[in-house]
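What's in work.cif: mmCIF, C-alpha atoms and all ligand atoms
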```cif
data_structure
#
loop_
_atom_site.label_atom_id
_atom_site.label_comp_id
_atom_site.auth_asym_id
_atom_site.auth_seq_id
_atom_site.Cartn_x
_atom_site.Cartn_y
_atom_site.Cartn_z
CA MET A 1 63.86 -22.87 26.03
CA LYS A 2 65.89 -19.79 25.21
CA GLN A 3 64.25 -16.57 26.31
CA THR A 4 65.14 -13.47 24.45
CA SER A 5 63.11 -11.06 26.55
CA SER A 6 62.90 -12.44 30.09
CA SER A 7 65.02 -14.69 32.25
CA ALA A 8 63.94 -18.15 33.35
CA GLY A 9 63.80 -19.05 37.00
CA ASP A 10 61.84 -20.64 39.80
CA SER A 11 58.64 -18.69 40.33
CA GLY A 12 57.82 -20.46 43.59
CA GLY A 13 58.34 -19.01 47.06
CA GLY A 14 55.95 -16.07 46.81
CA THR A 15 58.50 -13.49 45.63
CA PRO A 16 57.18 -11.36 42.78
CA ARG A 17 59.36 -11.59 39.66
CA GLU A 18 60.71 -8.43 38.15
CA ASP A 19 61.00 -9.74 34.60
CA LYS A 20 57.96 -9.63 32.34
CA PRO A 21 57.23 -12.66 30.15
CA ALA A 22 56.82 -12.08 26.44
CA LYS A 23 53.06 -12.13 25.96
CA GLY A 24 52.15 -14.94 23.58
CA LEU A 25 55.81 -16.09 23.76
CA ALA A 26 56.70 -13.48 21.12
CA ASP A 27 60.39 -13.73 20.13
CA VAL A 28 60.95 -16.69 22.48
CA VAL A 29 62.97 -19.45 20.85
CA ALA A 30 61.07 -22.54 22.00
CA ALA A 31 62.86 -25.33 20.11
CA SER A 32 65.68 -26.11 17.72
CA THR A 33 64.65 -27.44 14.34
CA ALA A 34 66.29 -28.39 11.06
CA LEU A 35 62.93 -28.45 9.27
CA SER A 36 62.10 -24.87 8.36
CA ASP A 37 63.36 -21.35 8.86
CA ILE A 38 61.86 -17.88 8.40
CA ASP A 39 63.58 -14.58 7.77
CA GLY A 40 60.73 -12.33 8.84
CA ARG A 41 62.38 -9.08 7.79
CA ALA A 42 63.28 -10.26 4.30
CA GLY A 43 60.03 -12.24 3.91
CA ARG A 44 61.73 -15.53 3.20
CA LEU A 45 60.84 -19.11 4.11
CA PHE A 46 63.04 -22.19 3.79
CA TYR A 47 62.32 -25.92 4.13
CA ARG A 48 65.55 -27.67 5.17
CA GLY A 49 67.52 -24.88 3.52
CA TYR A 50 65.52 -24.75 0.27
CA ASP A 51 63.91 -21.40 -0.51
CA ILE A 52 60.12 -21.73 -0.81
CA HIS A 53 60.31 -19.67 -4.02
CA ASP A 54 62.48 -22.39 -5.57
CA LEU A 55 60.25 -25.21 -4.37
CA ALA A 56 56.83 -23.74 -5.26
CA GLY A 57 55.87 -24.85 -8.76
CA HIS A 58 58.99 -27.04 -9.11
CA VAL A 59 58.52 -29.90 -6.66
CA THR A 60 55.40 -31.82 -5.68
CA PHE A 61 53.80 -32.03 -2.26
CA GLU A 62 54.97 -35.64 -2.00
CA GLU A 63 58.58 -34.53 -2.55
CA VAL A 64 58.22 -31.87 0.15
CA ALA A 65 56.64 -34.33 2.60
CA HIS A 66 59.58 -36.69 1.95
CA LEU A 67 62.01 -33.81 2.42
CA LEU A 68 60.48 -32.95 5.79
CA GLN A 69 59.81 -36.46 7.13
CA ARG A 70 62.78 -38.34 5.66
CA GLY A 71 65.43 -35.61 5.54
CA ALA A 72 66.08 -35.07 1.81
CA LEU A 73 64.34 -34.45 -1.50
CA PRO A 74 63.74 -37.97 -2.83
CA THR A 75 65.36 -39.69 -5.78
CA ARG A 76 62.88 -41.17 -8.29
CA GLU A 77 63.20 -44.55 -6.56
CA GLN A 78 62.67 -43.10 -3.09
CA LEU A 79 59.67 -41.16 -4.36
CA ALA A 80 58.16 -44.33 -5.85
CA ASP A 81 58.62 -46.15 -2.51
CA TYR A 82 57.18 -43.24 -0.55
CA GLY A 83 54.29 -43.01 -3.05
CA ALA A 84 53.54 -46.70 -2.48
CA GLU A 85 53.42 -46.08 1.28
CA LEU A 86 51.01 -43.18 0.71
CA THR A 87 48.78 -45.31 -1.53
CA GLU A 88 48.57 -47.96 1.17
CA GLY A 89 47.96 -45.31 3.84
CA ARG A 90 44.88 -44.00 2.02
CA THR A 91 42.86 -47.03 3.14
CA LEU A 92 41.02 -46.03 6.28
CA GLY A 93 41.01 -48.26 9.36
CA ALA A 94 38.01 -50.22 10.62
CA LEU A 95 37.27 -47.97 13.59
CA VAL A 96 37.32 -44.84 11.43
CA GLU A 97 35.14 -46.50 8.78
CA SER A 98 32.52 -47.52 11.30
CA HIS A 99 32.24 -44.05 12.91
CA ILE A 100 32.73 -41.57 10.09
CA SER A 101 29.05 -41.17 9.14
CA GLU A 102 27.92 -40.51 12.70
CA ILE A 103 30.78 -38.06 13.27
CA ALA A 104 30.00 -36.24 10.00
CA ALA A 105 26.39 -35.83 11.12
CA LYS A 106 27.34 -34.35 14.49
CA GLN A 107 30.64 -32.47 14.19
CA ALA A 108 31.89 -29.49 12.18
CA PRO A 109 34.83 -30.29 9.88
CA MET A 110 37.77 -29.48 12.17
CA GLU A 111 36.07 -31.06 15.18
CA ALA A 112 35.45 -34.16 13.11
CA LEU A 113 39.08 -34.33 11.98
CA ARG A 114 40.25 -34.04 15.58
CA THR A 115 38.02 -37.03 16.45
CA LEU A 116 38.91 -39.03 13.34
CA VAL A 117 42.68 -38.62 13.77
CA SER A 118 42.28 -39.83 17.33
CA LEU A 119 40.27 -42.87 16.17
CA ALA A 120 42.85 -43.57 13.46
CA GLY A 121 45.43 -43.88 16.23
CA ALA A 122 43.62 -46.97 17.47
CA ASP A 123 43.67 -48.45 13.96
CA ASP A 124 47.40 -47.80 13.42
CA PRO A 125 49.63 -50.91 13.54
CA ASP A 126 52.50 -48.87 15.01
CA LYS A 127 50.43 -47.26 17.75
CA GLU A 128 52.50 -48.75 20.58
CA SER A 129 55.84 -47.41 19.38
CA ASN A 130 57.58 -44.03 19.33
CA ALA A 131 60.69 -45.54 17.68
CA ALA A 132 62.09 -43.63 14.69
CA ASP A 133 61.06 -46.22 12.07
CA ALA A 134 57.53 -46.51 13.52
CA ASN A 135 57.24 -42.73 13.60
CA ARG A 136 58.31 -42.48 9.95
CA ARG A 137 55.65 -45.02 8.94
CA LYS A 138 52.98 -43.27 11.01
CA ALA A 139 53.95 -39.92 9.48
CA ALA A 140 53.41 -41.29 5.96
CA ARG A 141 50.10 -42.90 6.96
CA LEU A 142 48.79 -39.73 8.59
CA THR A 143 49.83 -37.68 5.55
CA ALA A 144 48.11 -40.13 3.20
CA GLN A 145 45.01 -40.41 5.32
CA GLN A 146 44.24 -36.75 6.04
CA PRO A 147 42.91 -35.77 2.58
CA VAL A 148 40.83 -38.96 2.47
CA LEU A 149 39.36 -38.18 5.90
CA VAL A 150 38.33 -34.72 4.68
CA ALA A 151 36.80 -36.11 1.47
CA ARG A 152 35.03 -38.99 3.18
CA TYR A 153 33.70 -36.64 5.90
CA HIS A 154 32.31 -34.36 3.18
CA ALA A 155 30.78 -37.31 1.30
CA ALA A 156 29.18 -38.65 4.46
CA ARG A 157 27.49 -35.34 5.30
CA THR A 158 26.30 -34.66 1.74
CA GLY A 159 25.37 -38.25 0.90
CA ALA A 160 27.57 -38.09 -2.21
CA ASP A 161 29.04 -41.25 -3.67
CA ILE A 162 32.71 -40.39 -4.18
CA PRO A 163 35.39 -42.19 -6.17
CA GLU A 164 38.08 -44.19 -4.34
CA PRO A 165 41.54 -42.57 -4.39
CA ASP A 166 43.31 -43.48 -7.64
CA PRO A 167 46.81 -44.92 -7.00
CA GLU A 168 48.02 -43.31 -10.23
CA LEU A 169 47.10 -39.82 -8.99
CA SER A 170 48.93 -37.44 -6.64
CA THR A 171 47.63 -36.29 -3.25
CA ALA A 172 46.46 -33.03 -4.86
CA ALA A 173 44.69 -34.70 -7.79
CA ASN A 174 43.03 -37.32 -5.61
CA PHE A 175 41.75 -34.70 -3.20
CA LEU A 176 40.21 -32.54 -5.93
CA LEU A 177 38.74 -35.66 -7.56
CA GLN A 178 37.15 -36.83 -4.31
CA ILE A 179 35.86 -33.38 -3.26
CA THR A 180 34.46 -32.17 -6.57
CA GLY A 181 33.54 -35.58 -8.01
CA ARG A 182 35.14 -34.76 -11.36
CA ARG A 183 38.58 -35.39 -12.80
CA PRO A 184 40.47 -32.12 -12.19
CA GLU A 185 42.28 -30.33 -15.01
CA ARG A 186 46.08 -30.42 -15.11
CA ARG A 187 46.47 -26.74 -14.17
CA GLU A 188 44.03 -27.08 -11.25
CA VAL A 189 46.10 -29.94 -9.90
CA GLU A 190 49.34 -27.97 -10.32
CA ILE A 191 47.89 -24.99 -8.46
CA PHE A 192 46.46 -27.07 -5.63
CA ASP A 193 49.69 -29.03 -5.35
CA THR A 194 51.58 -25.73 -5.01
CA CYS A 195 49.15 -24.71 -2.24
CA LEU A 196 50.02 -27.92 -0.39
CA VAL A 197 53.74 -27.22 -0.87
CA LEU A 198 53.33 -23.67 0.49
CA HIS A 199 51.48 -24.77 3.66
CA ALA A 200 53.66 -27.77 4.58
CA ASP A 201 55.74 -26.33 7.41
CA HIS A 202 56.30 -23.01 9.14
CA THR A 203 58.68 -23.15 12.10
CA MET A 204 57.14 -22.83 15.57
CA ASN A 205 53.61 -21.84 14.56
CA ALA A 206 50.93 -22.47 17.18
CA SER A 207 49.76 -25.90 15.99
CA THR A 208 53.29 -27.21 15.50
CA PHE A 209 54.24 -25.95 18.95
CA ALA A 210 51.21 -27.75 20.40
CA ALA A 211 52.28 -30.96 18.64
CA ARG A 212 55.82 -30.64 19.99
CA VAL A 213 54.67 -29.95 23.56
CA CYS A 214 52.55 -33.11 23.45
CA ALA A 215 55.28 -35.20 21.81
CA ALA A 216 57.84 -33.98 24.35
CA THR A 217 55.97 -35.77 27.14
CA LEU A 218 56.79 -38.92 25.11
CA SER A 219 53.17 -39.20 24.19
CA ASP A 220 52.52 -40.77 20.78
CA MET A 221 52.34 -39.20 17.32
CA HIS A 222 48.55 -39.42 16.99
CA SER A 223 48.06 -37.62 20.31
CA ALA A 224 50.42 -34.87 19.18
CA ILE A 225 48.54 -34.51 15.88
CA VAL A 226 45.19 -34.32 17.69
CA ALA A 227 46.63 -31.39 19.69
CA ALA A 228 47.81 -29.79 16.45
CA VAL A 229 44.46 -30.19 14.66
CA GLY A 230 42.63 -28.63 17.61
CA THR A 231 45.09 -25.73 17.60
CA LEU A 232 44.95 -25.13 13.85
CA LYS A 233 41.17 -24.82 14.09
CA GLY A 234 41.20 -21.39 15.78
CA PRO A 235 40.54 -18.26 13.68
CA LEU A 236 43.80 -16.60 14.76
CA HIS A 237 45.65 -19.52 13.13
CA GLY A 238 44.44 -21.90 10.39
CA GLY A 239 40.79 -21.00 10.87
CA ALA A 240 41.46 -17.60 9.30
CA ASN A 241 41.21 -18.85 5.69
CA GLU A 242 37.54 -19.77 6.15
CA GLN A 243 36.87 -16.41 7.83
CA VAL A 244 38.46 -14.57 4.89
CA MET A 245 35.94 -16.15 2.52
CA ARG A 246 33.05 -15.44 4.89
CA THR A 247 34.15 -11.77 5.01
CA LEU A 248 34.30 -11.55 1.20
CA GLU A 249 30.89 -13.17 0.88
CA ALA A 250 29.38 -10.72 3.38
CA LEU A 251 30.79 -7.58 1.72
CA ASP A 252 29.08 -5.58 -1.00
CA PRO A 253 31.59 -5.60 -3.91
CA ARG A 254 30.96 -1.88 -4.43
CA GLY A 255 31.55 -0.97 -0.79
CA VAL A 256 34.68 -2.91 0.10
CA ALA A 257 36.99 -0.01 0.97
CA GLN A 258 34.48 1.75 3.19
CA ALA A 259 33.42 -1.44 4.98
CA VAL A 260 37.02 -2.43 5.70
CA ARG A 261 37.87 1.07 6.95
CA GLU A 262 34.83 0.95 9.26
CA LYS A 263 35.85 -2.45 10.63
CA LEU A 264 39.37 -1.20 11.30
CA ALA A 265 38.09 2.00 12.90
CA ALA A 266 35.89 -0.14 15.17
CA GLY A 267 39.00 -2.07 16.26
CA GLU A 268 38.04 -5.24 14.40
CA LYS A 269 40.71 -7.53 13.07
CA ILE A 270 40.58 -8.29 9.37
CA MET A 271 41.15 -12.00 8.93
CA GLY A 272 44.03 -12.99 6.67
CA PHE A 273 46.22 -10.01 7.58
CA GLY A 274 49.13 -9.61 9.95
CA HIS A 275 51.71 -12.07 11.16
CA ARG A 276 53.77 -12.59 14.28
CA VAL A 277 57.01 -13.18 12.39
CA TYR A 278 56.81 -11.51 8.96
CA LYS A 279 57.50 -7.79 8.92
CA THR A 280 57.01 -7.67 5.18
CA GLU A 281 55.03 -9.71 2.67
CA ASP A 282 54.62 -13.39 3.56
CA PRO A 283 56.39 -15.15 0.65
CA ARG A 284 53.57 -17.70 0.44
CA ALA A 285 51.04 -14.92 -0.14
CA THR A 286 53.00 -13.80 -3.22
CA HIS A 287 52.38 -17.18 -4.89
CA LEU A 288 48.82 -17.47 -3.65
CA ARG A 289 47.88 -14.00 -4.94
CA ARG A 290 49.20 -14.90 -8.40
CA MET A 291 47.33 -18.23 -8.44
CA SER A 292 44.14 -16.61 -7.19
CA GLN A 293 44.31 -14.09 -10.02
CA GLU A 294 44.90 -16.83 -12.59
CA LEU A 295 41.95 -18.90 -11.38
CA ALA A 296 39.72 -15.84 -11.05
CA GLU A 297 40.40 -14.81 -14.65
CA ALA A 298 39.91 -18.36 -15.90
CA SER A 299 36.58 -18.59 -14.03
CA GLY A 300 35.14 -15.61 -15.92
CA ASP A 301 34.16 -13.89 -12.65
CA ASP A 302 37.04 -12.26 -10.81
CA THR A 303 34.87 -10.34 -8.31
CA TYR A 304 36.31 -11.97 -5.20
CA PHE A 305 39.87 -11.50 -6.45
CA ARG A 306 39.27 -7.82 -7.17
CA MET A 307 37.63 -7.39 -3.76
CA SER A 308 40.65 -9.06 -2.16
CA ARG A 309 43.02 -6.65 -3.90
CA GLU A 310 40.97 -3.73 -2.65
CA MET A 311 40.97 -5.07 0.90
CA GLU A 312 44.73 -5.52 0.69
CA GLU A 313 45.22 -1.89 -0.36
CA VAL A 314 42.99 -0.49 2.39
CA VAL A 315 44.48 -2.64 5.17
CA PHE A 316 47.99 -1.67 4.09
CA ALA A 317 47.13 2.03 3.85
CA ASP A 318 45.37 2.09 7.23
CA LYS A 319 47.41 -0.37 9.28
CA HIS A 320 50.52 -1.17 7.28
CA LEU A 321 49.64 -4.87 7.54
CA TYR A 322 50.37 -7.42 4.81
CA PRO A 323 48.24 -10.40 3.79
CA ASN A 324 49.31 -13.68 5.34
CA VAL A 325 49.09 -17.21 3.88
CA ASP A 326 45.37 -17.48 4.66
CA PHE A 327 44.24 -14.42 2.71
CA TYR A 328 44.67 -15.49 -0.91
CA ALA A 329 44.45 -19.20 -0.07
CA ALA A 330 40.75 -18.53 0.55
CA THR A 331 39.94 -17.41 -3.00
CA VAL A 332 42.24 -20.04 -4.54
CA TYR A 333 40.29 -22.78 -2.77
CA HIS A 334 37.00 -21.09 -3.64
CA TYR A 335 37.83 -20.98 -7.35
CA LEU A 336 38.93 -24.64 -7.17
CA GLY A 337 35.43 -25.56 -6.01
CA ILE A 338 36.31 -26.48 -2.43
CA PRO A 339 33.48 -25.77 0.07
CA THR A 340 34.31 -22.86 2.38
CA ASP A 341 34.09 -24.84 5.62
CA LEU A 342 36.74 -27.25 4.28
CA PHE A 343 39.41 -24.54 3.83
CA THR A 344 40.98 -25.13 7.26
CA PRO A 345 40.83 -28.93 6.82
CA VAL A 346 42.74 -28.38 3.54
CA PHE A 347 45.40 -26.52 5.55
CA SER A 348 45.65 -29.59 7.80
CA VAL A 349 46.08 -31.86 4.76
CA SER A 350 49.31 -30.06 3.94
CA ARG A 351 50.54 -29.20 7.44
CA MET A 352 50.28 -32.87 8.43
CA SER A 353 53.60 -33.34 6.64
CA GLY A 354 55.24 -30.70 8.84
CA TRP A 355 53.56 -31.65 12.11
CA THR A 356 54.59 -35.28 11.79
CA ALA A 357 58.15 -34.28 10.85
CA HIS A 358 58.30 -32.14 14.01
CA VAL A 359 57.13 -35.06 16.15
CA ILE A 360 59.86 -37.25 14.61
CA GLU A 361 62.40 -34.50 15.33
CA GLN A 362 61.16 -33.98 18.89
CA HIS A 363 61.28 -37.68 19.74
CA ALA A 364 64.76 -38.00 18.23
CA ASP A 365 66.25 -35.50 20.72
CA ASN A 366 63.70 -35.07 23.46
CA ARG A 367 63.41 -33.02 26.58
CA LEU A 368 60.11 -32.24 28.30
CA ILE A 369 58.80 -28.81 27.25
CA ARG A 370 57.75 -27.13 30.44
CA PRO A 371 58.11 -23.35 30.52
CA ASP A 372 57.65 -21.12 33.53
CA SER A 373 54.82 -18.71 34.28
CA GLU A 374 54.51 -15.31 35.88
CA TYR A 375 52.19 -15.39 38.90
CA ILE A 376 49.80 -12.40 38.87
CA GLY A 377 47.24 -13.51 41.48
CA GLU A 378 46.67 -12.67 45.14
CA ARG A 379 49.33 -13.51 47.71
CA ASP A 380 49.34 -14.32 51.44
CA GLN A 381 45.65 -15.26 51.55
CA LYS A 382 44.38 -16.74 54.83
CA TRP A 383 42.29 -19.88 54.64
CA VAL A 384 38.88 -19.74 56.43
CA PRO A 385 36.43 -22.62 56.91
CA ILE A 386 33.63 -22.81 54.33
CA ASP A 387 30.85 -21.64 56.69
CA GLU A 388 32.76 -18.46 57.58
CA ARG A 389 33.37 -17.28 53.95
N1 LIG B 401 43.53 -6.64 11.40
C1 LIG B 401 43.58 -5.48 12.09
N2 LIG B 401 44.51 -5.22 13.01
C2 LIG B 401 45.43 -6.15 13.24
C3 LIG B 401 45.44 -7.38 12.55
C4 LIG B 401 44.44 -7.60 11.60
N3 LIG B 401 44.39 -8.74 10.92
N4 LIG B 401 46.48 -8.10 12.96
C5 LIG B 401 47.10 -7.38 13.88
N5 LIG B 401 46.47 -6.20 14.06
C6 LIG B 401 46.84 -5.14 14.98
C7 LIG B 401 46.31 -5.48 16.36
O1 LIG B 401 45.03 -5.01 16.58
C8 LIG B 401 47.35 -4.81 17.23
O2 LIG B 401 47.09 -3.43 17.25
P1 LIG B 401 47.33 -2.58 18.58
O3 LIG B 401 48.80 -2.70 18.86
O4 LIG B 401 46.87 -1.23 18.20
O5 LIG B 401 46.49 -3.24 19.65
C9 LIG B 401 48.65 -5.00 16.46
O6 LIG B 401 48.25 -5.10 15.09
C10 LIG B 401 49.41 -6.26 16.86
O7 LIG B 401 48.51 -7.36 16.76
P2 LIG B 401 48.60 -8.68 17.62
O8 LIG B 401 47.33 -9.41 17.51
O9 LIG B 401 49.10 -8.35 19.00
O10 LIG B 401 49.77 -9.41 16.86
P3 LIG B 401 50.18 -10.91 17.07
O11 LIG B 401 51.57 -11.05 16.60
O12 LIG B 401 49.86 -11.37 18.44
O13 LIG B 401 49.15 -11.69 16.13
C11 LIG B 401 48.05 -12.55 14.30
C12 LIG B 401 49.42 -12.17 14.88
C13 LIG B 401 47.32 -13.47 15.28
C14 LIG B 401 48.27 -13.31 13.00
C15 LIG B 401 47.23 -11.27 14.04
O14 LIG B 401 47.87 -10.49 13.05
C16 LIG B 401 45.80 -11.58 13.66
O15 LIG B 401 44.96 -11.78 14.53
N6 LIG B 401 45.49 -11.65 12.32
C17 LIG B 401 44.17 -12.02 11.88
C18 LIG B 401 43.97 -13.53 11.97
C19 LIG B 401 44.77 -14.28 10.93
O16 LIG B 401 44.81 -13.91 9.76
N7 LIG B 401 45.41 -15.36 11.36
C20 LIG B 401 46.21 -16.22 10.48
C21 LIG B 401 47.69 -16.00 10.72
S1 LIG B 401 48.68 -16.97 9.64
C22 LIG B 401 48.49 -18.54 10.24
O17 LIG B 401 48.37 -18.75 11.40
C23 LIG B 401 48.47 -19.62 9.35
#
```

Re-express the file's structure as structure tokens.
Ligand code: ACO
Amino acid sequence: MKQTSSSAGDSGGGTPREDKPAKGLADVVAASTALSDIDGRAGRLFYRGYDIHDLAGHVTFEEVAHLLQRGALPTREQLADYGAELTEGRTLGALVESHISEIAAKQAPMEALRTLVSLAGADDPDKESNAADANRRKAARLTAQQPVLVARYHAARTGADIPEPDPELSTAANFLLQITGRRPERREVEIFDTCLVLHADHTMNASTFAARVCAATLSDMHSAIVAAVGTLKGPLHGGANEQVMRTLEALDPRGVAQAVREKLAAGEKIMGFGHRVYKTEDPRATHLRRMSQELAEASGDDTYFRMSREMEEVVFADKHLYPNVDFYAATVYHYLGIPTDLFTPVFSVSRMSGWTAHVIEQHADNRLIRPDSEYIGERDQKWVPIDER
């Protein structure tokens, strides 16, 4: 692990270290990857060297998943083969099938996904192997399965009878079909597909890092993905998109600016703003803002979009913070008819492609990830027997 702000070393022996660790590992280069790259100053994101602005709206989520997991944008033949693997992977295993209703009754969406991914590991025919070909198959299965898990979880808790995934439809179209129960319109599918493309990978974000730490112990892909799902859940990471919608719903449309200023003055964080790496606009937010506006106008009620714009202006004026990927994703999903508590699960549907690609990459050139820590506790304490304390 390269450290850009403190030197590595043995912290044992009781000698206080003079160097200060970067809190939250800021600016620490924790891994090498050929999967994605960010230029935080220019606000640019690349998947395997392709600019996200060139990919968004031009390639499908399936092409991006292939790019990440298999190394290149697919030819038509490769895409057909990969599509067939995804179709097969959409069939849930026996253990998952027998537990999904009970889990849906007892766990919130991201908790349920954490449990269901773990159960799916037991159903996976390649569960015993970390070999490259087994990992590639598991990556495709996990990518195929995640949207179905979300839809089936939602159906189980609402009692809805949902259609089976249609092998002729894309991941995006199948998900909207299963969640809303109606055949989505072409433009809705295009927009949701672009959302999946935009969320697929993002260098060493917290959930990907968690997946890589787990994989680096030579644990299996499902274990690494369980770690990632649990990490994505938090509101400082993937959980922010749900919180953005909850904030919009709680605000009075006529009092947005004042309410946001009051929150900021009280030291509250506004969900969906700020980023560790971007010092300018997150390039994904540019696309999501445009799609949110389009859907808002098409819906005939653009209140939430207009409120979002106002929030954006106030947060920038007061704090010079830009919206991140989660801010406009919230209203896009809302206008697409996705329930608010499934926004973070939707993030996981896309990011599964990146997480699994990172596990493949980690296993292909592995070394245990085990950083150091700075000891800040007491020293030279004298042990006393329990009755004398
Ligand atoms: N609202 C208000 N103030 C903020 C926000 C925000 N959203 N984000 C950062 N700040 C302020 C902090 O209060 C802090 O101010 P201070 O120096 O006066 O104490 C300063 O900006 C730096 O903030 P940190 O939290 O230290 O920045 P860090 O790089 O650790 O965190 C993070 C980045 C977690 C994204 C942060 O901006 C945040 O909490 N945003 C809100 C949650 C969110 O939207 N998360 C999704 C991120 S994108 C993703 O993970 C998919």

Spatial neighbours of His287 in chain A, 9 Å, all atoms listed in the file, chain gap at least 5 places, as a list of chain:residue names:
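Listed by chain and then number, they are A:His53, A:Ala56, A:Thr194, A:Cys195, A:Leu198, A:Ser292, A:Tyr328.
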
Take the residues just selected and output them with C-alpha atoms as a PDB file, in the coordinates of the input.
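What ended up in out-v3.pdb:
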```pdb
ATOM      1  CA  HIS A  53      60.310 -19.670  -4.020  1.00  0.00           C
ATOM      2  CA  ALA A  56      56.830 -23.740  -5.260  1.00  0.00           C
ATOM      3  CA  THR A 194      51.580 -25.730  -5.010  1.00  0.00           C
ATOM      4  CA  CYS A 195      49.150 -24.710  -2.240  1.00  0.00           C
ATOM      5  CA  LEU A 198      53.330 -23.670   0.490  1.00  0.00           C
ATOM      6  CA  SER A 292      44.140 -16.610  -7.190  1.00  0.00           C
ATOM      7  CA  TYR A 328      44.670 -15.490  -0.910  1.00  0.00           C
TER       8      TYR A 328
END
```

Long-range neighbours of range 221-225 of chain A as a VMD selection string, 6 Å cut-off, all atoms listed in the file, 2 positions minimum in chain
chain A and resid 121 211 214 to 215 227 to 228

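Checking A:Phe305, A:Tyr153, A:Tyr278, A:Tyr50 one by one against Val325 in chain A, counting all atoms listed in the file, you find the shortest gap at A:Tyr278.
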
Which residues of chain A come within 8 Å of ligand LIG 401 (chain B), and for each one, what is the closest pair of atoms and their distance in Å to one decimal, counting all atoms listed in the file, sorted by chain and residue number, as CSV?
```
residue,atom,partner,partner_atom,distance
A:Gly24,CA,B:LIG401,O12,6.7
A:Ala26,CA,B:LIG401,O11,7.3
A:Asn205,CA,B:LIG401,O17,6.9
A:Ala206,CA,B:LIG401,O17,7.3
A:Leu232,CA,B:LIG401,O17,7.6
A:Pro235,CA,B:LIG401,C18,6.1
A:Leu236,CA,B:LIG401,N7,4.0
A:His237,CA,B:LIG401,O17,3.3
A:Gly238,CA,B:LIG401,C23,4.7
A:Gly239,CA,B:LIG401,C20,7.2
A:Ala240,CA,B:LIG401,C19,5.0
A:Asn241,CA,B:LIG401,O16,7.3
A:Leu264,CA,B:LIG401,C1,6.1
A:Gly267,CA,B:LIG401,O1,6.7
A:Glu268,CA,B:LIG401,C1,6.0
A:Lys269,CA,B:LIG401,N1,3.4
A:Ile270,CA,B:LIG401,N1,3.9
A:Met271,CA,B:LIG401,O16,4.2
A:Gly272,CA,B:LIG401,O16,3.3
A:Phe273,CA,B:LIG401,N3,4.0
A:Gly274,CA,B:LIG401,O14,3.5
A:His275,CA,B:LIG401,C14,4.1
A:Arg276,CA,B:LIG401,O11,3.5
A:Val277,CA,B:LIG401,O11,7.2
A:Val315,CA,B:LIG401,N1,7.5
A:Lys319,CA,B:LIG401,N2,6.8
A:Leu321,CA,B:LIG401,C3,7.0
A:Pro323,CA,B:LIG401,O16,7.7
A:Asn324,CA,B:LIG401,S1,5.5
A:Val325,CA,B:LIG401,S1,5.8
A:Asp326,CA,B:LIG401,S1,6.0
A:Phe327,CA,B:LIG401,O16,7.1
```

For range 34-47 of chain A: contacts at 7 Å, all atoms listed in the file, fewer than 3 positions along chain excluded, given as JSON, numbers by chain:
{"A": [50, 51, 52, 68, 201, 202, 203, 277, 278, 279, 280, 281, 282, 283]}

Between A:Met291, A:Ile191, A:Leu368, A:Met245, which one has atoms that come closest to Ser219 in chain A, using all atoms listed in the file?
A:Leu368

What does the structure give for the distance between CA of Glu374 in chain A and CA of Ala31 in chain A, in Å to one decimal?
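Between CA of Glu374 in chain A and CA of Ala31 in chain A the gap is 20.5 Å.
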
Kindly indicate which residue among A:Ala122, A:Ala298, A:Leu86, A:Ala104 lies nearest to Ala139 in chain A, using only C-alpha atoms for the distances.
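Checking each of A:Ala122, A:Ala298, A:Leu86, A:Ala104 against Ala139 in chain A, counting only C-alpha atoms, the winner is A:Leu86.
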
Do you know which residues lie at most 10 Å from (36.5, -36.6, 3.2), with coordinates as in the file and only C-alpha atoms counted, and could you write them as number ranges by chain?
A: 100, 104, 109, 113, 145-157, 162, 175, 178-179, 342, 345
